[in-house]
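File shown: protein32.txt (compact mmCIF, C-alpha atoms).
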```txt
# COMPACT_ATOMS: atom_id res chain seq x y z
CA MET A 1 3.64 -2.44 -5.43
CA HIS A 2 -0.01 -1.55 -5.63
CA ARG A 3 -0.89 -5.16 -4.97
CA THR A 4 1.26 -5.13 -1.84
CA LYS A 5 -0.48 -2.00 -0.68
CA VAL A 6 -3.93 -3.48 -1.15
CA ARG A 7 -2.80 -6.58 0.72
CA VAL A 8 -1.67 -4.47 3.65
CA VAL A 9 -4.99 -2.64 3.70
CA GLU A 10 -6.88 -5.93 3.67
CA ASP A 11 -4.84 -7.26 6.57
CA ALA A 12 -5.51 -4.10 8.53
CA LEU A 13 -9.24 -4.43 7.92
CA ASP A 14 -9.17 -8.10 8.96
CA ALA A 15 -7.50 -7.15 12.23
CA ASN A 16 -10.01 -4.35 12.69
CA ASN A 17 -12.94 -6.72 12.22
CA THR A 18 -11.54 -9.09 14.84
CA ILE A 19 -11.38 -6.28 17.39
CA ALA A 20 -14.80 -4.99 16.33
CA ARG A 21 -16.20 -8.43 17.11
CA ALA A 22 -14.60 -8.31 20.56
CA ASN A 23 -16.18 -4.90 21.15
CA ARG A 24 -19.50 -6.30 19.95
CA ASP A 25 -19.23 -9.15 22.47
CA ASP A 26 -18.60 -6.67 25.28
CA PHE A 27 -21.55 -4.50 24.23
CA ASP A 28 -23.77 -7.60 24.08
CA ARG A 29 -22.61 -8.75 27.50
CA HIS A 30 -23.81 -5.42 28.89
CA ASP A 31 -26.95 -5.47 26.74
CA VAL A 32 -26.01 -2.19 25.03
CA LYS A 33 -27.08 -1.37 21.50
CA VAL A 34 -24.65 0.74 19.49
CA VAL A 35 -25.22 3.24 16.66
CA ASN A 36 -22.21 4.41 14.63
CA LEU A 37 -23.15 7.93 13.48
CA MET A 38 -21.13 9.35 10.60
CA SER A 39 -21.10 12.41 8.34
CA ALA A 40 -18.93 15.06 6.72
CA PRO A 41 -17.62 17.84 8.99
CA GLY A 42 -20.37 20.25 9.92
CA ALA A 43 -23.30 18.15 8.69
CA GLY A 44 -24.93 18.39 12.10
CA LYS A 45 -24.15 15.23 14.09
CA THR A 46 -23.72 17.05 17.39
CA THR A 47 -26.67 19.39 16.82
CA LEU A 48 -28.88 16.38 16.05
CA LEU A 49 -27.69 14.69 19.25
CA GLU A 50 -28.36 17.85 21.26
CA ARG A 51 -31.87 17.95 19.85
CA THR A 52 -32.35 14.18 20.28
CA LEU A 53 -31.24 14.03 23.88
CA ALA A 54 -32.89 17.25 25.11
CA GLN A 55 -35.73 15.07 26.36
CA PRO A 56 -35.73 11.46 27.55
CA LEU A 57 -35.79 8.78 24.86
CA GLY A 58 -38.57 6.75 26.46
CA GLU A 59 -37.02 4.51 29.07
CA VAL A 60 -33.78 4.18 27.12
CA ARG A 61 -30.62 5.30 28.90
CA VAL A 62 -28.36 6.82 26.26
CA GLY A 63 -24.60 7.36 26.32
CA VAL A 64 -22.40 9.09 23.75
CA LEU A 65 -18.86 8.37 22.62
CA GLU A 66 -17.48 11.46 20.91
CA GLY A 67 -14.81 10.81 18.28
CA ASP A 68 -12.63 13.75 17.27
CA VAL A 69 -9.10 14.27 16.01
CA GLN A 70 -8.47 16.48 19.02
CA GLY A 71 -10.28 18.61 21.57
CA SER A 72 -13.58 18.00 23.33
CA PHE A 73 -15.75 20.66 21.73
CA ASP A 74 -18.65 18.37 20.90
CA ALA A 75 -18.49 16.57 24.24
CA ASP A 76 -18.60 19.97 25.94
CA ARG A 77 -21.70 20.89 23.95
CA LEU A 78 -23.43 17.72 25.14
CA ALA A 79 -22.31 18.13 28.75
CA THR A 80 -25.53 19.86 29.82
CA LEU A 81 -27.76 17.02 28.63
CA HIS A 82 -27.41 14.72 31.61
CA VAL A 83 -26.21 11.79 29.57
CA PRO A 84 -22.79 10.22 30.01
CA VAL A 85 -20.41 11.51 27.31
CA THR A 86 -16.95 10.06 26.75
CA GLN A 87 -14.36 11.78 24.56
CA LEU A 88 -12.11 9.73 22.28
CA ASN A 89 -9.35 11.60 20.41
CA THR A 90 -7.54 10.05 17.48
CA ASP A 91 -4.43 12.15 18.01
CA SER A 92 -3.77 10.63 21.43
CA GLY A 93 -1.58 7.70 20.48
CA PHE A 94 -3.46 7.01 17.26
CA GLY A 95 -1.58 9.35 14.90
CA GLY A 96 -4.41 11.85 14.37
CA GLU A 97 -6.47 9.42 12.30
CA CYS A 98 -9.39 10.71 10.25
CA HIS A 99 -11.77 8.03 11.53
CA LEU A 100 -12.47 5.79 14.49
CA ASP A 101 -11.44 2.17 14.27
CA ALA A 102 -12.28 -0.79 16.45
CA ASN A 103 -9.05 -0.56 18.44
CA MET A 104 -9.66 3.08 19.33
CA VAL A 105 -13.18 2.30 20.49
CA ARG A 106 -11.81 -0.68 22.44
CA SER A 107 -9.42 1.66 24.24
CA ALA A 108 -12.43 3.72 25.33
CA LEU A 109 -14.44 0.79 26.73
CA PRO A 110 -13.08 1.10 30.29
CA SER A 111 -14.29 4.73 30.30
CA LEU A 112 -17.81 3.86 29.12
CA PRO A 113 -20.48 3.26 31.77
CA LEU A 114 -21.82 0.21 29.95
CA ASP A 115 -23.83 -0.98 32.96
CA GLU A 116 -25.68 2.31 33.15
CA ILE A 117 -26.72 2.74 29.53
CA ASP A 118 -28.88 0.85 27.02
CA LEU A 119 -27.87 2.69 23.87
CA LEU A 120 -24.47 4.04 22.88
CA VAL A 121 -24.25 6.56 20.06
CA ILE A 122 -20.75 6.80 18.65
CA GLU A 123 -20.21 10.11 16.91
CA ASN A 124 -17.47 9.35 14.43
CA VAL A 125 -14.88 11.82 13.09
CA GLY A 126 -16.35 14.11 10.41
CA ASN A 127 -15.30 12.41 7.17
CA LEU A 128 -17.17 10.72 4.31
CA VAL A 129 -14.41 8.28 3.36
CA CYS A 130 -12.50 6.26 5.93
CA PRO A 131 -15.07 5.92 8.75
CA ALA A 132 -17.12 3.74 6.36
CA GLU A 133 -14.23 1.29 6.08
CA PHE A 134 -13.84 0.51 9.77
CA ARG A 135 -16.48 -1.31 11.80
CA VAL A 136 -16.17 -0.56 15.49
CA GLY A 137 -18.61 -3.13 16.94
CA GLU A 138 -21.80 -1.25 16.19
CA ASP A 139 -25.27 -2.77 15.67
CA VAL A 140 -26.17 -0.25 13.06
CA ARG A 141 -24.67 2.55 11.00
CA ALA A 142 -26.44 5.80 10.30
CA MET A 143 -25.20 8.86 8.48
CA ILE A 144 -26.18 12.48 8.16
CA CYS A 145 -25.98 14.36 4.90
CA SER A 146 -26.68 18.07 4.89
CA VAL A 147 -28.57 19.58 1.98
CA THR A 148 -25.87 22.26 1.84
CA GLU A 149 -23.39 19.63 0.62
CA GLY A 150 -24.95 19.20 -2.82
CA GLU A 151 -26.90 16.47 -4.60
CA ASP A 152 -23.83 14.61 -5.83
CA LYS A 153 -22.51 13.30 -2.53
CA PRO A 154 -23.96 9.74 -2.77
CA LEU A 155 -22.19 9.33 -6.10
CA LYS A 156 -18.91 10.76 -4.87
CA TYR A 157 -18.76 8.88 -1.57
CA PRO A 158 -20.76 5.73 -2.42
CA LEU A 159 -19.21 3.44 0.22
CA MET A 160 -20.41 5.71 3.01
CA PHE A 161 -23.95 5.90 1.67
CA ARG A 162 -24.00 2.18 0.89
CA THR A 163 -22.75 1.04 4.28
CA CYS A 164 -25.45 2.84 6.27
CA GLU A 165 -28.96 1.60 6.83
CA LEU A 166 -30.28 5.07 7.56
CA VAL A 167 -29.54 8.39 5.87
CA VAL A 168 -30.63 11.49 7.76
CA VAL A 169 -31.00 14.43 5.36
CA ASN A 170 -30.35 17.43 7.58
CA LYS A 171 -30.74 21.23 7.38
CA ILE A 172 -33.97 21.07 5.37
CA ASP A 173 -34.90 24.46 6.87
CA LEU A 174 -32.33 25.89 4.42
CA LEU A 175 -33.94 24.35 1.31
CA PRO A 176 -35.74 27.59 0.31
CA HIS A 177 -32.37 29.34 0.19
CA LEU A 178 -30.42 26.72 -1.78
CA ASP A 179 -30.28 25.43 -5.36
CA PHE A 180 -30.31 21.93 -3.89
CA ASP A 181 -32.62 19.57 -5.82
CA LEU A 182 -33.94 17.09 -3.25
CA ASP A 183 -35.39 14.77 -5.90
CA LYS A 184 -32.02 14.61 -7.62
CA PHE A 185 -30.30 13.80 -4.31
CA ILE A 186 -32.82 11.01 -3.62
CA TYR A 187 -32.30 9.68 -7.14
CA HIS A 188 -28.53 9.57 -6.55
CA LEU A 189 -29.03 7.99 -3.14
CA ASP A 190 -31.16 5.23 -4.64
CA GLN A 191 -28.51 4.61 -7.25
CA VAL A 192 -25.95 3.63 -4.61
CA ASN A 193 -28.26 2.24 -1.89
CA PRO A 194 -31.69 1.55 -3.38
CA GLY A 195 -34.56 2.10 -0.98
CA VAL A 196 -32.35 2.85 2.03
CA LYS A 197 -34.38 4.35 4.86
CA ARG A 198 -34.11 8.14 4.90
CA PHE A 199 -35.50 10.93 7.06
CA GLN A 200 -35.61 14.62 6.27
CA VAL A 201 -34.88 16.66 9.37
CA SER A 202 -33.80 20.03 10.60
CA ALA A 203 -31.77 19.51 13.73
CA ARG A 204 -31.88 23.28 14.14
CA THR A 205 -35.69 23.66 14.16
CA GLY A 206 -36.51 20.16 15.35
CA GLU A 207 -38.55 19.30 12.26
CA GLY A 208 -38.49 15.56 11.59
CA VAL A 209 -36.35 14.76 14.62
CA GLU A 210 -39.13 12.73 16.26
CA ALA A 211 -38.96 10.18 13.41
CA TRP A 212 -35.25 9.76 14.04
CA ARG A 213 -35.88 9.35 17.78
CA GLU A 214 -38.48 6.67 17.05
CA TRP A 215 -36.02 4.94 14.76
CA LEU A 216 -33.53 4.80 17.65
CA LEU A 217 -36.24 3.05 19.68
CA THR A 218 -36.63 0.45 16.93
CA VAL A 219 -32.89 -0.21 17.13
CA MET A 220 -33.38 -0.98 20.82
CA ALA A 221 -36.02 -3.57 19.97
CA ARG A 222 -33.74 -5.56 17.65
CA GLU A 223 -32.24 -8.94 18.22
CA ARG A 224 -28.53 -8.87 18.85
CA ALA A 225 -26.45 -8.63 15.72
CA PHE A 226 -24.41 -11.71 16.58
CA ALA A 227 -26.99 -13.48 18.76
CA MET B 1 2.93 -0.56 19.55
CA HIS B 2 1.83 3.04 19.25
CA ARG B 3 5.43 4.09 18.88
CA THR B 4 5.87 1.69 15.99
CA LYS B 5 2.77 3.08 14.35
CA VAL B 6 3.97 6.67 14.61
CA ARG B 7 7.33 5.62 13.19
CA VAL B 8 5.64 4.09 10.17
CA VAL B 9 3.60 7.24 9.63
CA GLU B 10 6.72 9.40 9.81
CA ASP B 11 8.50 7.23 7.28
CA ALA B 12 5.52 7.46 4.95
CA LEU B 13 5.51 11.24 5.22
CA ASP B 14 9.26 11.38 4.57
CA ALA B 15 8.78 9.34 1.40
CA ASN B 16 5.86 11.54 0.41
CA ASN B 17 7.95 14.69 0.81
CA THR B 18 10.67 13.23 -1.41
CA ILE B 19 8.16 12.61 -4.18
CA ALA B 20 6.52 15.99 -3.61
CA ARG B 21 9.91 17.59 -4.21
CA ALA B 22 10.28 15.67 -7.46
CA ASN B 23 6.83 16.89 -8.53
CA ARG B 24 7.87 20.41 -7.56
CA ASP B 25 10.97 20.14 -9.74
CA ASP B 26 8.84 19.04 -12.69
CA PHE B 27 6.38 21.88 -12.17
CA ASP B 28 9.27 24.36 -11.95
CA ARG B 29 10.84 22.97 -15.10
CA HIS B 30 7.61 23.74 -16.92
CA ASP B 31 7.20 27.06 -15.14
CA VAL B 32 3.86 26.03 -13.65
CA LYS B 33 2.58 27.37 -10.34
CA VAL B 34 0.46 24.98 -8.30
CA VAL B 35 -2.34 25.60 -5.81
CA ASN B 36 -3.52 22.73 -3.59
CA LEU B 37 -7.19 23.48 -2.88
CA MET B 38 -8.74 21.63 0.04
CA SER B 39 -12.02 21.58 1.98
CA ALA B 40 -14.65 19.36 3.56
CA PRO B 41 -17.07 17.61 1.19
CA GLY B 42 -19.59 20.06 -0.23
CA ALA B 43 -17.83 23.25 0.87
CA GLY B 44 -17.84 24.52 -2.71
CA LYS B 45 -14.44 23.81 -4.28
CA THR B 46 -15.88 22.93 -7.67
CA THR B 47 -18.47 25.71 -7.64
CA LEU B 48 -15.72 28.22 -6.83
CA LEU B 49 -13.63 26.87 -9.71
CA GLU B 50 -16.61 27.09 -12.07
CA ARG B 51 -17.10 30.70 -11.04
CA THR B 52 -13.35 31.44 -11.16
CA LEU B 53 -12.76 30.01 -14.61
CA ALA B 54 -15.94 31.26 -16.27
CA GLN B 55 -13.86 34.13 -17.63
CA PRO B 56 -10.15 34.31 -18.46
CA LEU B 57 -7.77 34.84 -15.54
CA GLY B 58 -5.81 37.61 -17.23
CA GLU B 59 -3.19 36.00 -19.45
CA VAL B 60 -2.82 33.01 -17.15
CA ARG B 61 -3.52 29.61 -18.68
CA VAL B 62 -5.13 27.50 -15.98
CA GLY B 63 -5.40 23.73 -15.70
CA VAL B 64 -7.22 21.66 -13.10
CA LEU B 65 -6.36 18.31 -11.54
CA GLU B 66 -9.51 16.85 -9.99
CA GLY B 67 -8.95 14.49 -7.06
CA ASP B 68 -11.82 12.20 -6.11
CA VAL B 69 -12.20 8.78 -4.56
CA GLN B 70 -14.05 7.69 -7.68
CA GLY B 71 -16.01 9.07 -10.60
CA SER B 72 -15.47 12.22 -12.61
CA PHE B 73 -18.45 14.32 -11.51
CA ASP B 74 -16.46 17.46 -10.75
CA ALA B 75 -14.33 17.13 -13.87
CA ASP B 76 -17.51 16.80 -15.90
CA ARG B 77 -18.86 19.99 -14.32
CA LEU B 78 -15.72 21.85 -15.38
CA ALA B 79 -15.68 20.36 -18.88
CA THR B 80 -17.52 23.32 -20.44
CA LEU B 81 -14.98 25.86 -19.22
CA HIS B 82 -12.38 25.40 -21.92
CA VAL B 83 -9.58 24.65 -19.50
CA PRO B 84 -7.73 21.34 -19.44
CA VAL B 85 -9.11 19.13 -16.65
CA THR B 86 -7.48 15.88 -15.61
CA GLN B 87 -9.22 13.38 -13.33
CA LEU B 88 -7.27 11.52 -10.65
CA ASN B 89 -9.12 8.82 -8.69
CA THR B 90 -7.75 7.44 -5.44
CA ASP B 91 -9.56 4.12 -5.86
CA SER B 92 -7.64 3.29 -9.03
CA GLY B 93 -4.65 1.46 -7.60
CA PHE B 94 -4.45 3.68 -4.53
CA GLY B 95 -6.89 1.83 -2.23
CA GLY B 96 -9.63 4.47 -2.21
CA GLU B 97 -7.59 6.92 -0.15
CA CYS B 98 -9.30 9.92 1.47
CA HIS B 99 -6.67 12.37 0.21
CA LEU B 100 -4.20 12.97 -2.58
CA ASP B 101 -0.55 12.26 -1.91
CA ALA B 102 2.57 13.12 -3.88
CA ASN B 103 2.76 9.72 -5.53
CA MET B 104 -0.80 9.93 -6.82
CA VAL B 105 -0.15 13.38 -8.26
CA ARG B 106 3.10 12.07 -9.76
CA SER B 107 1.15 9.33 -11.53
CA ALA B 108 -1.00 12.06 -13.11
CA LEU B 109 1.91 14.15 -14.42
CA PRO B 110 2.07 12.44 -17.84
CA SER B 111 -1.63 13.34 -18.32
CA LEU B 112 -1.15 17.00 -17.43
CA PRO B 113 -0.47 19.47 -20.29
CA LEU B 114 2.28 21.20 -18.32
CA ASP B 115 3.63 23.00 -21.38
CA GLU B 116 0.25 24.55 -22.08
CA ILE B 117 -0.62 25.91 -18.65
CA ASP B 118 0.83 28.44 -16.22
CA LEU B 119 -1.25 27.60 -13.16
CA LEU B 120 -2.44 24.20 -11.96
CA VAL B 121 -5.21 24.06 -9.39
CA ILE B 122 -5.35 20.69 -7.65
CA GLU B 123 -8.79 20.05 -6.19
CA ASN B 124 -8.10 17.63 -3.37
CA VAL B 125 -10.49 14.99 -2.02
CA GLY B 126 -13.14 16.51 0.27
CA ASN B 127 -11.73 15.93 3.75
CA LEU B 128 -10.48 18.21 6.55
CA VAL B 129 -7.96 15.75 8.02
CA CYS B 130 -5.54 13.77 5.84
CA PRO B 131 -5.10 16.09 2.82
CA ALA B 132 -3.34 18.51 5.18
CA GLU B 133 -0.72 15.87 5.99
CA PHE B 134 0.46 15.22 2.45
CA ARG B 135 2.29 17.77 0.35
CA VAL B 136 1.95 17.06 -3.34
CA GLY B 137 4.46 19.55 -4.78
CA GLU B 138 2.28 22.64 -4.55
CA ASP B 139 3.50 26.24 -4.26
CA VAL B 140 0.67 27.17 -1.99
CA ARG B 141 -2.21 25.67 -0.06
CA ALA B 142 -5.64 27.22 0.13
CA MET B 143 -8.77 25.90 1.77
CA ILE B 144 -12.46 26.61 1.63
CA CYS B 145 -14.64 26.56 4.71
CA SER B 146 -18.39 26.96 4.28
CA VAL B 147 -20.33 29.00 6.83
CA THR B 148 -22.81 26.12 7.00
CA GLU B 149 -20.15 23.99 8.71
CA GLY B 150 -20.17 25.91 11.99
CA GLU B 151 -17.79 28.24 13.82
CA ASP B 152 -15.86 25.45 15.54
CA LYS B 153 -14.11 23.93 12.53
CA PRO B 154 -10.72 25.69 12.94
CA LEU B 155 -10.53 24.30 16.47
CA LYS B 156 -11.59 20.80 15.46
CA TYR B 157 -9.37 20.50 12.38
CA PRO B 158 -6.46 22.81 13.31
CA LEU B 159 -3.81 21.21 11.10
CA MET B 160 -5.87 21.94 7.98
CA PHE B 161 -6.47 25.58 8.93
CA ARG B 162 -2.85 26.00 10.04
CA THR B 163 -1.27 24.53 6.93
CA CYS B 164 -3.05 26.86 4.51
CA GLU B 165 -2.02 30.40 3.70
CA LEU B 166 -5.48 31.34 2.50
CA VAL B 167 -8.89 30.51 3.94
CA VAL B 168 -11.86 31.15 1.66
CA VAL B 169 -15.03 31.50 3.73
CA ASN B 170 -17.75 30.40 1.32
CA LYS B 171 -21.56 30.50 1.10
CA ILE B 172 -21.84 33.90 2.79
CA ASP B 173 -25.11 34.39 0.88
CA LEU B 174 -26.60 31.97 3.44
CA LEU B 175 -25.52 33.99 6.49
CA PRO B 176 -28.97 35.62 7.00
CA HIS B 177 -30.47 32.13 7.29
CA LEU B 178 -27.94 30.62 9.71
CA ASP B 179 -27.03 30.94 13.38
CA PHE B 180 -23.39 31.10 12.25
CA ASP B 181 -21.42 33.78 14.13
CA LEU B 182 -18.79 35.04 11.69
CA ASP B 183 -16.85 36.92 14.38
CA LYS B 184 -16.62 33.76 16.44
CA PHE B 185 -15.35 31.81 13.43
CA ILE B 186 -12.70 34.47 12.76
CA TYR B 187 -11.71 34.39 16.42
CA HIS B 188 -11.26 30.60 16.24
CA LEU B 189 -9.39 30.90 12.95
CA ASP B 190 -6.95 33.40 14.48
CA GLN B 191 -6.42 31.06 17.41
CA VAL B 192 -5.00 28.35 15.14
CA ASN B 193 -3.50 30.49 12.36
CA PRO B 194 -3.21 34.09 13.52
CA GLY B 195 -3.71 36.64 10.79
CA VAL B 196 -3.99 34.10 7.98
CA LYS B 197 -5.33 35.71 4.83
CA ARG B 198 -9.07 35.15 4.45
CA PHE B 199 -11.72 36.07 1.91
CA GLN B 200 -15.46 35.98 2.33
CA VAL B 201 -17.13 34.79 -0.84
CA SER B 202 -20.25 33.32 -2.28
CA ALA B 203 -19.28 31.05 -5.12
CA ARG B 204 -22.99 30.83 -5.89
CA THR B 205 -23.64 34.56 -6.34
CA GLY B 206 -20.10 35.54 -7.27
CA GLU B 207 -19.71 37.94 -4.34
CA GLY B 208 -16.07 38.24 -3.32
CA VAL B 209 -14.80 35.91 -6.03
CA GLU B 210 -12.81 38.65 -7.74
CA ALA B 211 -10.56 38.97 -4.66
CA TRP B 212 -9.81 35.26 -4.88
CA ARG B 213 -9.07 35.57 -8.59
CA GLU B 214 -6.69 38.43 -7.88
CA TRP B 215 -5.02 36.36 -5.21
CA LEU B 216 -4.39 33.63 -7.79
CA LEU B 217 -2.65 36.26 -9.91
CA THR B 218 -0.38 37.14 -6.97
CA VAL B 219 0.56 33.45 -6.74
CA MET B 220 1.67 33.66 -10.37
CA ALA B 221 3.98 36.57 -9.52
CA ARG B 222 5.84 34.70 -6.82
CA GLU B 223 9.38 33.42 -6.92
CA ARG B 224 9.65 29.69 -7.18
CA ALA B 225 9.21 27.90 -3.87
CA PHE B 226 12.51 26.04 -4.21
CA ALA B 227 14.33 28.58 -6.39
```

For this file, write the structure as C-alpha cells.
Amino acid sequence: MHRTKVRVVEDALDANNTIARANRDDFDRHDVKVVNLMSAPGAGKTTLLERTLAQPLGEVRVGVLEGDVQGSFDADRLATLHVPVTQLNTDSGFGGECHLDANMVRSALPSLPLDEIDLLVIENVGNLVCPAEFRVGEDVRAMICSVTEGEDKPLKYPLMFRTCELVVVNKIDLLPHLDFDLDKFIYHLDQVNPGVKRFQVSARTGEGVEAWREWLLTVMARERAFA
Amino acid sequence: MHRTKVRVVEDALDANNTIARANRDDFDRHDVKVVNLMSAPGAGKTTLLERTLAQPLGEVRVGVLEGDVQGSFDADRLATLHVPVTQLNTDSGFGGECHLDANMVRSALPSLPLDEIDLLVIENVGNLVCPAEFRVGEDVRAMICSVTEGEDKPLKYPLMFRTCELVVVNKIDLLPHLDFDLDKFIYHLDQVNPGVKRFQVSARTGEGVEAWREWLLTVMARERAFA
C-alpha cells in the first residue's frame, strides 16, 4: 500500500515536471527570467518584495505572481509599487493546496503580461514542505528563513533548504532580542546545502536588501536554463 | 478534471475521518484526552511544550507524539522532561507529507504508552494549511501563532484559525521590537473565528504559560467527545 502511494506521488511529480517544462518554454519565448520565492508563513516574502521593488531594479521590468490559498492580501500590499501583480489562489479549483504547482502557474500565464516584464517573481504559498517538491518552470529557487524561526529549520525541512540556490536570512534586526544562534543556523544550513549562497537581511529596515537586489540582477544575466 | 480532483480529495478525507474515529475509540478506551497542537514552522510549539512540561501538570500524566517530516530534533529537546515522547516521521512510508493524518497517528498507537498517560499532546508538522484538513482522533485542536508572523495570518490561513478552539499568541516578549499591531491581529482573528479563546504568552519567558496549563486541565475535565 505504501509502495502504491509512493508510485502515485512519483507519477504526479512526473506530470508536474512536464507542465513545468512547458511553462519554462513559454517564459523563454518571452525572454522572462523566473524566481520561485518560498518560505514559511510570515517569514517576510511580501515585505522583502515591497522593499525590493520600492525603487527600480536597474532597467529590469519586474512582475509578481502572488500565490495564496485564498484572498489577495499580499497582492494588495504590492499594488502601490507600480509593478504588475497577478493573484493566483489555490482554493479556486485547486482544492486549497498548500503550494503552487506547475499546472496552477500555467493557468495564470494568460493573466501575466509576459511581453512587458523581464523578471517574474513567484511568491509561493507560505510552507516549508510541499512547495519544494513542485517545480513551476522557474530559473532559480530562493527561500527566506526568518531568524525568529529557530536554528533547527534546515535540519527539519532539508528538502526546502537543499533545493534553493539562495537562502535569505531575514529579520536580523531582531537578533539582539532573540536567543537565536546565527553560527549554529549557518552550521545546520551547511549540513544540508554546503556553501549555498546566503544573505543576511532585514526587510523591515532595509539592511542587506541591496545584496539581494544585485543577486536578482545576476539572475537576469544568466543563460537560459534549457537553452 | 477539477471536479474529479475535488472528488478524490473528499474521498480521502472521508477515509481519514473513519480512521480518526477508530483512533478516538482507542484513546477513549484508555481514557486518554488528546490535544492536536498546530502552527507554522518556528512558531514555538516545542518551546511551549518544554515550558509546559518543566513542572508537573497537577496529577495529569502527559505524553507527547512528535510529528515531523524527518528527524527527531523536537523529541530530543523534550527528552529531559521525564514524559514519554514518541516520534512520528511523515517521510517513513508516508511520502514526506506536510501534515499528520489519522492513518499516520494510527501507525504510532502501538508505540504510545496509552495506559500510562492521561493526556496526549500531538505536535503536528509545522504548516498552516494541510494539518487543519485532517482530524487524527483528537478531543481538541489548539494552534500557536507567533506575533513575528504578522497580523494577516488569520485572513490568509482561515481554515486553520477556524478549526481550532484555542489560539495561543506566542512570542509577546518581542512585541516592543516589532511593528505588529495586536489589536489588528485580534480583529482579523475574530473575523474568521469570532470569540475564539485566545491566550497571549511568551514560551521563552514563561509569561502567560500558566493560563495555557490551566486550559489543558479543563480539557481533562471534559466529557468524551464521542461519549

Exercise for review: Using all atoms listed in the file, find which residues of chain B lie within 6 Å of chain A and jot them down as a PyMOL selection string.
Suggested key: chain B and resi 2+42+93+98+129+149

Check your understanding: Rounded to one decimal in Å, what is the spacing between CA of Val32 in chain B and CA of Ala12 in chain B?
Key -> 26.3 Å

Exercise for review: Calculate how many Å separate CA of Ala102 in chain B from CA of Thr80 in chain B, rounding to one decimal.
Suggested key: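 Going from CA of Ala102 in chain B over to CA of Thr80 in chain B covers 28.0 Å.
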
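Residues with at least one atom no more than 9 Å from (-13.9, -0.2, 17.1), using only C-alpha atoms, are Asn16, Asn17, Ile19, Ala20, Arg21, Ala22, Asn23, Arg24, Leu100, Asp101, Ala102, Asn103, Met104, Val105, Arg106, Ser107, Phe134, Arg135, Val136, Gly137 and Glu138 of chain A.
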
Practice item. Would you kindly return, as a PyMOL selection string, each protein, DNA or RNA residue with an atom no farther than 8 Å from any atom of Phe199 in chain A, considering all atoms listed in the file and excluding same-chain residues fewer than 4 positions away? Key: chain A and resi 166-169+208+211-212

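In this model, the gap between CA of Ile117 in chain B and CA of Lys45 in chain B comes to 20.0 Å.
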
Exercise for review: Write out as a PyMOL selection string each polymer residue whose atoms come within 9 Å of Leu119 in chain B, counting all atoms listed in the file; drop sequence neighbours fewer than 4 positions from it.
Suggested key: chain B and resi 31-35+60-64+114+216+219-220

Would you mind putting back all heavy atoms on range 149-153 of chain A, then writing it out as a PDB file, keeping the file's coordinate frame?
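selection.pdb was written with the following content:
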```pdb
ATOM      1  N   GLU A 149     -24.553  20.303   1.204  1.00  0.00           N
ATOM      2  CA  GLU A 149     -23.390  19.630   0.620  1.00  0.00           C
ATOM      3  C   GLU A 149     -23.552  19.317  -0.870  1.00  0.00           C
ATOM      4  O   GLU A 149     -22.577  18.905  -1.513  1.00  0.00           O
ATOM      5  CB  GLU A 149     -23.082  18.341   1.393  1.00  0.00           C
ATOM      6  CG  GLU A 149     -22.650  18.587   2.828  1.00  0.00           C
ATOM      7  CD  GLU A 149     -22.636  17.316   3.668  1.00  0.00           C
ATOM      8  OE1 GLU A 149     -22.381  16.231   3.131  1.00  0.00           O
ATOM      9  OE2 GLU A 149     -22.893  17.410   4.882  1.00  0.00           O
ATOM     10  N   GLY A 150     -24.761  19.461  -1.392  1.00  0.00           N
ATOM     11  CA  GLY A 150     -24.950  19.200  -2.820  1.00  0.00           C
ATOM     12  C   GLY A 150     -25.546  17.833  -3.091  1.00  0.00           C
ATOM     13  O   GLY A 150     -25.423  16.914  -2.290  1.00  0.00           O
ATOM     14  N   GLU A 151     -26.171  17.702  -4.265  1.00  0.00           N
ATOM     15  CA  GLU A 151     -26.900  16.470  -4.600  1.00  0.00           C
ATOM     16  C   GLU A 151     -25.991  15.320  -4.983  1.00  0.00           C
ATOM     17  O   GLU A 151     -26.430  14.168  -5.081  1.00  0.00           O
ATOM     18  CB  GLU A 151     -27.853  16.700  -5.784  1.00  0.00           C
ATOM     19  CG  GLU A 151     -28.832  17.831  -5.621  1.00  0.00           C
ATOM     20  CD  GLU A 151     -28.347  19.089  -6.312  1.00  0.00           C
ATOM     21  OE1 GLU A 151     -27.170  19.137  -6.721  1.00  0.00           O
ATOM     22  OE2 GLU A 151     -29.151  20.040  -6.430  1.00  0.00           O
ATOM     23  N   ASP A 152     -24.706  15.627  -5.239  1.00  0.00           N
ATOM     24  CA  ASP A 152     -23.830  14.610  -5.830  1.00  0.00           C
ATOM     25  C   ASP A 152     -23.130  13.717  -4.800  1.00  0.00           C
ATOM     26  O   ASP A 152     -22.437  12.773  -5.172  1.00  0.00           O
ATOM     27  CB  ASP A 152     -22.765  15.295  -6.706  1.00  0.00           C
ATOM     28  CG  ASP A 152     -21.945  16.329  -5.929  1.00  0.00           C
ATOM     29  OD1 ASP A 152     -22.303  16.637  -4.774  1.00  0.00           O
ATOM     30  OD2 ASP A 152     -20.945  16.817  -6.479  1.00  0.00           O
ATOM     31  N   LYS A 153     -23.319  13.989  -3.526  1.00  0.00           N
ATOM     32  CA  LYS A 153     -22.510  13.300  -2.530  1.00  0.00           C
ATOM     33  C   LYS A 153     -22.674  11.776  -2.521  1.00  0.00           C
ATOM     34  O   LYS A 153     -21.682  11.067  -2.346  1.00  0.00           O
ATOM     35  CB  LYS A 153     -22.758  13.887  -1.129  1.00  0.00           C
ATOM     36  CG  LYS A 153     -22.219  15.322  -0.984  1.00  0.00           C
ATOM     37  CD  LYS A 153     -20.731  15.386  -1.238  1.00  0.00           C
ATOM     38  CE  LYS A 153     -20.228  16.792  -1.538  1.00  0.00           C
ATOM     39  NZ  LYS A 153     -20.665  17.377  -2.818  1.00  0.00           N
TER      40      LYS A 153
END
```
